[in-house]
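Down below is the structure, laid out as structure tokens.
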Amino acid sequence: MEYTTPNFTPDMVKTHTILIPNMAPIQFRLMADALRSEGYTVEFLGNCGSRVAQLGLQYVHNDTCYPALLVIGQFLDALGSGRYDLDHTALLITQTGGGCRASNYIKLLRKALVRAGYGNIPVASLNFSGLEKDSGLPLTVRLLRKVIAAIEYGDLIMALRSQVRPYQNAPGAAEAMAEKWIATAGGWLRADRGYTGHEMKRNFAAIAADFAAVPITRTPRVKVGVVGEIYVKYSPLGNNDLERFLESQDCEVNLPGLMGFVEYCVANYRLDVDLYGGKHLVAGGADLLLSYLDSLGMAAARAMRDNGFYAPGSFRELMKKPQGIISLGAKMGEGWLLTAEMLELVEGGYPNIVCAQPFGCLPNHIVGKGMINKIRALYPQANITPVDYDPSATAVNQENRIKLMLAVARENLTAPAAPAPATAESLAGGPPAVGAAF
């Protein structure tokens, strides 16, 4: 049996409400404002809980990627809530086009919709890889610029909130500040403002300065970084609200920004040409876009440092970190980016890392779990624990595993300073091999 649903067409922009799944909460809320500014009626889904996963299990095989199961379950739960006019509702799903199960999400979603009795619901694809051309959103340069701004603002607000919330004197102060700036940035986007490079760089400084004014008391905290598969890394639904759990354990959490993954996807266009050949015009265009995105990221980082916060280096610097550890040709799933983010976190003072991944996600088991021993050899202070998320894994077991990592982290927090880390050169007995395979 063939499972098909209507294509999303440009005229539906004026007639349909588009439902957007919950992945990166702050960034996606702002992306919804970017879409609203261009005439779309959108709603960011916040329905969570075990019922979402159980509903997904009814319509998606349990061997399928856990994020797909959750996204589809969230959509079906929303459609069955009675809140929407099902004749004027559409769904939006992103597709990276990578060589993993993620590229099949939209097919799985359509099959689930037909089986659940929602075969009339159009599905729109947001992708830049040529997939689902007939069902894609009509993207304009202005909308793309606003989406970039939404991600940049979201990353900055998320990072600042995470560095203030564990030390705030008044409970809720960091959250209130974050909500203020989410509303402000969303208002800019809806009013067709705040998305040019000049405006964004000026606004970054204002946002960071406002967070720096929140009264805090700094006390020693375990610093934990979170890396992993893109959905499970950010989504509270996918990781059982991992960030909140870590903060409940008196930790400061560092969640690398979503723009890093966007830049990783852009950089891979250049890497494909370098490694396999192709059109140099495509590579040149990727370089120009990456330079623009990196300039925005560096401006946000500068605003953070100027106001006393930790900020990562540039994306170009991040690309150099895996040298001698994993090839930049390893780009299935989160690829070399996942390894690079672990290295950056350890070097930046966040040696305790949770590597969150869907059970059975082979690419991320290689570039995440598979790199842990190498990173520990280079950085003895690295305290990394991989955590699998799937329908059969209980939150209690996941949290107990993380608590074991935190017990070691608390011992290290009061221990004497660790010796200087080894280098790839010293371990290998010579200079590291450029693009060494894993």
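Naming works like this for the structure tokens: A, B, ... for the chains as they're shown, residue 1 at the start of each chain, ligands 1 onward in shown order.
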
May I have a table of the residues of region 241-338 of chain A lying at most 10 Å from region 194-199 of chain A, giving each one's closest pair of atoms and their distance in Å to one decimal, counting only C-alpha atoms, ordered by chain and ascending residue number, as a Markdown table?
```
| residue | atom | partner | partner_atom | distance |
| --- | --- | --- | --- | --- |
| A:Tyr292 | CA | A:Gly197 | CA | 8.6 |
| A:Leu293 | CA | A:Gly197 | CA | 9.4 |
| A:Ser295 | CA | A:Gly197 | CA | 8.8 |
| A:Leu296 | CA | A:Gly197 | CA | 7.0 |
| A:Ala299 | CA | A:Gly197 | CA | 9.6 |
```

Near-region 38-45 of chain A list (9 Å; only C-alpha atoms; drop same-chain fewer than 5 positions) as number ranges by chain: A: 12-22, 25, 28-29, 32-33, 74-75, 78, 142-143, 190, 192

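Remark: for Met371 (chain A), the closest of the candidate residues A:Thr339, A:Gln54, A:Asn47, A:Ser392 is A:Thr339 (distances computed over only C-alpha atoms).
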
Within region 210-245 of chain A, find each residue whose DSSP state, derived from the backbone, is strand (DSSP E), and express the selection as a PyMOL selection string. chain A and resi 222-228
